[in-house]
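The next block holds one structure in the form of structure tokens; read it before the comments.
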Amino acid sequence: MEHGTSRGTHRGAGPLGRREFVGAGAAMVAALLTAGDSAFAAGAGAEAAPGAPGVPRPALRGMWIATVTNRDWPSKPGLTAAAQRSELIRHLDTAVKRGLNAVVLQVRPTADALWPSPYEPWAQYLSGTQGQDPGWDPLGTAVREAHARGLELHAWFNPYRVANHTDPTRLIATHPARLHPEWIVPYGGKLYYNPGLPEVRRFVQDAMLDAVERYEVDAVHWDDYFYPYPVAGETFDDADAYRRHGAGSASKAAWRRGNIDLLVRETGARIKEIKPDVRFGISPFGVWRNATTDPLGSDTRGGVQTYDDLYADTRAWVRNGWIDYIVPQLYWHIGYTACDYAKLLRWWDATVRGTGVDLYIGEALYKAGDQAQPAAWQDPAELSRHLTLAREYAGVRGHCFFSAKEVGADPIGAMTRVVADHYGKRARPGV
């Protein structure tokens with residue numbers, strides 16, 4: 001996927017290529033009455049918190065809020081603090097209205113921050129200028145206001161993307177990538193931190209986990225960018241890092257996968273050290289490997305395989321229990337020849353079985369009604385059929401919709417249909 005600008009292209013590209021509780025009182029009562037099943041599902045007012053020992057965690061009903069390139073929020077850079085806050089609140093209220101119980105807010109889109117980070121500059125998507133204080137604390141406000149509405153707040157970070165261009169001089173002078181030019185690699189029209197450098201791995205962890213230390217976020221969430229998606233005719237230049245740090249690896253590909261494995265395993269362990277109740281989840285591209293490549297893979301013909309192309313061994317992360325939940329982006333319709341939603345659903349259900357890792361399904365709401373998409377996506381009932389099918393699999397513990405703009409606008413009524421068919425009753429814990 002790209003929980004960002006190009007998500008609408010490579011996320012759905014199929015085989016050819018490519019994302020405290022605060023207060024009880026009247027406010028909470030109002031949230032419960034307004035939210036109906038969503039607030040109840042999030043555990044508002046419950047005697048024991050969902051996810052506590054012996055208490056089943058409720059099914060996830062989530063939506064992503066993308067900030068990169070102002071995809072969902074803020075609607076444009078340079079709005080006043082009051083206008084930005086008002087727009088954010090509208091998204092949270094929409095989540096409640098739709099019966100959701102979680103929002104996944106992108107707070108580190110391009111090696112920057114939507115909170116006063118000591119590691120990285122303020123995101124340019126707020127003020128229009130990287131490093132400029134927007135005059136308020138978006139992440140702090142989001143956590144407080146989400147919890148007041150009975151919503152979980154999952155803080156979404158992109159570990160390695162630095163910029164959607166390749167010119168370091170366009171970054172603020174104090175940007176870590178300017179101070180450490182040896183850390184960055186230009187590729188495919190973007191700048192990335194080099195995952196093969198141990199100092200980079202430590203830095204990006206420190207930068208992300210600062211938010212966990214400061215705020216009562218419910219989860220740390222990553223999207224599908226690890227090593228970048230392949231670009232024809234280009235080479236990701238990490239040869240020097242491989243020479244210096246790749247000793248003992250069977251191949252450069254194995255070394256790259258090892259680098260990402262380390263990032264996942266170390267980050268998960270550090271989260272639990274800081275706040276044991278904070279969960280760690282990842283939303284990868286939906287195909288680990290095709291069965292034609294690996295008999296353990298899915299019955300698909302995906303042009304991208306995370307294991308081979310992004311060096312992300314998503315299956316191993318689940319099987320080893322390094323993460324708490326996984327949200328594969330199953331951004332295809334039921335019956336799609338190359339990557340059938342139904343076949344991938346079955347594969348992921350089998351993959352999480354017995355691991356204790358929760359499986360949530362990433363749903364391509366943004367495709368509903370898009371005239372560039374196949375006929376199945378012109379049917380408002382397609383997504384509802386996804387949720388109906390998922391009921392057959394015990395491992396599926398919820399769904400997350402991309403993304404907030406479409407959850408609100410709902411151009412052909414696909415989200416309205418999902419709510420009517422599946423979210424019309426209160427979701428009791430464990431249901």
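Letters A, B, ... go to the chains of the structure tokens in the order shown; residues in each chain start at 1; ligands are counted from 1 in the same order.
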Run DSSP on the backbone and give me the residues of region 109-246 of chain A it puts in strand (DSSP E), as a ChimeraX atom specification.
/A:152-157,161-163,184-187,190-193,219-222
Pull N, CA and C atoms from the residues just selected and write them as an mmCIF file, in the first residue's frame.
data_model
loop_
_atom_site.group_PDB
_atom_site.id
_atom_site.type_symbol
_atom_site.label_atom_id
_atom_site.label_comp_id
_atom_site.auth_asym_id
_atom_site.auth_seq_id
_atom_site.Cartn_x
_atom_site.Cartn_y
_atom_site.Cartn_z
ATOM 1 N N GLU A 152 -9.838 3.987 19.962
ATOM 2 C CA GLU A 152 -8.405 3.780 20.121
ATOM 3 C C GLU A 152 -7.664 4.689 19.155
ATOM 4 N N LEU A 153 -6.460 5.096 19.541
ATOM 5 C CA LEU A 153 -5.607 5.902 18.667
ATOM 6 C C LEU A 153 -4.325 5.123 18.406
ATOM 7 N N HIS A 154 -4.180 4.638 17.181
ATOM 8 C CA HIS A 154 -2.972 3.946 16.764
ATOM 9 C C HIS A 154 -2.082 4.954 16.030
ATOM 10 N N ALA A 155 -0.867 5.142 16.532
ATOM 11 C CA ALA A 155 0.061 6.104 15.941
ATOM 12 C C ALA A 155 0.819 5.431 14.805
ATOM 13 N N TRP A 156 0.658 5.966 13.615
ATOM 14 C CA TRP A 156 1.174 5.351 12.378
ATOM 15 C C TRP A 156 2.456 6.065 11.958
ATOM 16 N N PHE A 157 3.519 5.289 11.820
ATOM 17 C CA PHE A 157 4.838 5.797 11.470
ATOM 18 C C PHE A 157 5.322 5.126 10.187
ATOM 19 N N ARG A 161 11.144 6.328 5.018
ATOM 20 C CA ARG A 161 10.979 7.343 3.980
ATOM 21 C C ARG A 161 11.360 8.714 4.531
ATOM 22 N N VAL A 162 12.220 9.420 3.806
ATOM 23 C CA VAL A 162 12.692 10.737 4.235
ATOM 24 C C VAL A 162 11.984 11.853 3.477
ATOM 25 N N ALA A 163 11.802 11.698 2.181
ATOM 26 C CA ALA A 163 11.192 12.768 1.388
ATOM 27 C C ALA A 163 10.639 12.205 0.093
ATOM 28 N N ILE A 184 21.439 8.470 3.885
ATOM 29 C CA ILE A 184 20.330 8.493 2.934
ATOM 30 C C ILE A 184 20.706 7.896 1.577
ATOM 31 N N VAL A 185 19.673 7.387 0.906
ATOM 32 C CA VAL A 185 19.813 6.802 -0.420
ATOM 33 C C VAL A 185 18.692 7.350 -1.304
ATOM 34 N N PRO A 186 19.025 7.984 -2.443
ATOM 35 C CA PRO A 186 17.968 8.388 -3.379
ATOM 36 C C PRO A 186 17.549 7.200 -4.224
ATOM 37 N N TYR A 187 16.255 7.053 -4.426
ATOM 38 C CA TYR A 187 15.768 5.915 -5.216
ATOM 39 C C TYR A 187 14.345 6.187 -5.656
ATOM 40 N N LYS A 190 12.601 9.423 -4.652
ATOM 41 C CA LYS A 190 12.424 9.711 -3.234
ATOM 42 C C LYS A 190 13.743 9.521 -2.497
ATOM 43 N N LEU A 191 13.777 10.029 -1.272
ATOM 44 C CA LEU A 191 14.916 9.812 -0.390
ATOM 45 C C LEU A 191 14.514 8.844 0.716
ATOM 46 N N TYR A 192 15.418 7.918 1.018
ATOM 47 C CA TYR A 192 15.178 6.943 2.077
ATOM 48 C C TYR A 192 16.375 6.891 3.017
ATOM 49 N N TYR A 193 16.105 6.627 4.291
ATOM 50 C CA TYR A 193 17.168 6.214 5.183
ATOM 51 C C TYR A 193 17.591 4.803 4.777
ATOM 52 N N ALA A 219 -1.387 1.996 20.170
ATOM 53 C CA ALA A 219 -0.570 1.100 19.358
ATOM 54 C C ALA A 219 0.428 1.893 18.529
ATOM 55 N N VAL A 220 1.514 1.227 18.182
ATOM 56 C CA VAL A 220 2.457 1.688 17.164
ATOM 57 C C VAL A 220 2.113 0.927 15.892
ATOM 58 N N HIS A 221 1.968 1.658 14.795
ATOM 59 C CA HIS A 221 1.497 1.074 13.544
ATOM 60 C C HIS A 221 2.437 1.470 12.410
ATOM 61 N N TRP A 222 2.843 0.482 11.613
ATOM 62 C CA TRP A 222 3.650 0.743 10.419
ATOM 63 C C TRP A 222 2.875 0.343 9.182
#
Pull the closest atom pair for each residue of region 223-297 of chain A that gets at most 8 Å from region 197-216 of chain A, along with the distance in Å to one decimal, counting only C-alpha atoms, ordering rows by chain and then ascending residue number, as a Markdown table.
| residue | atom | partner | partner_atom | distance |
| --- | --- | --- | --- | --- |
| A:Ala241 | CA | A:Leu197 | CA | 6.4 |
| A:His245 | CA | A:Leu197 | CA | 7.6 |
| A:Leu263 | CA | A:Arg201 | CA | 6.4 |
| A:Thr267 | CA | A:Gln205 | CA | 6.4 |
| A:Ile271 | CA | A:Leu209 | CA | 7.2 |
| A:Ile274 | CA | A:Glu213 | CA | 6.6 |
| A:Lys275 | CA | A:Val212 | CA | 7.6 |
Residues of region 180-244 of chain A in helix (DSSP H, G or I), written as number ranges by chain
A: 181-183, 198-214, 239-244
Would you mind reading off the distance between CA of Leu383 (chain A) and CA of Lys405 (chain A), one decimal, in Å?
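Atom-to-atom, CA of Leu383 (chain A) to CA of Lys405 (chain A), that is 16.3 Å.
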I'd like the interatomic distance between CA of Asp237 (chain A) and CA of Gly189 (chain A), to a tenth of an Å.
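Interatomic distance here is 13.5 Å.
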Report as a list in words all protein, DNA and RNA residues lying within 12 Å of Asp261 (chain A), evaluated on only C-alpha atoms, omitting residues in the same chain fewer than 6 positions from it.
Pro195, Gly196, Arg201, Phe226, Tyr227, Ala254, Trp255, Thr267, Gly268, Tyr307, Leu310, Tyr311, Ala312, Asp313, Thr314, Arg315, Ala316, Trp317, Val318, Asn320, Gly321, Trp322 and Ile323 of chain A
Restricting to only C-alpha atoms, whichever of A:Arg71, A:Arg319, A:Arg85, A:Arg61 is closest to Glu145 (chain A) is A:Arg85
Between CA of Arg391 (chain A) and CA of Asp370 (chain A), measure the distance and give it in Å to one decimal.
26.3 Å
Judged by only C-alpha atoms, the minimum distance to Ala142 (chain A) among A:Thr351, A:Thr300, A:Ser117, A:Gln106 is found for A:Gln106
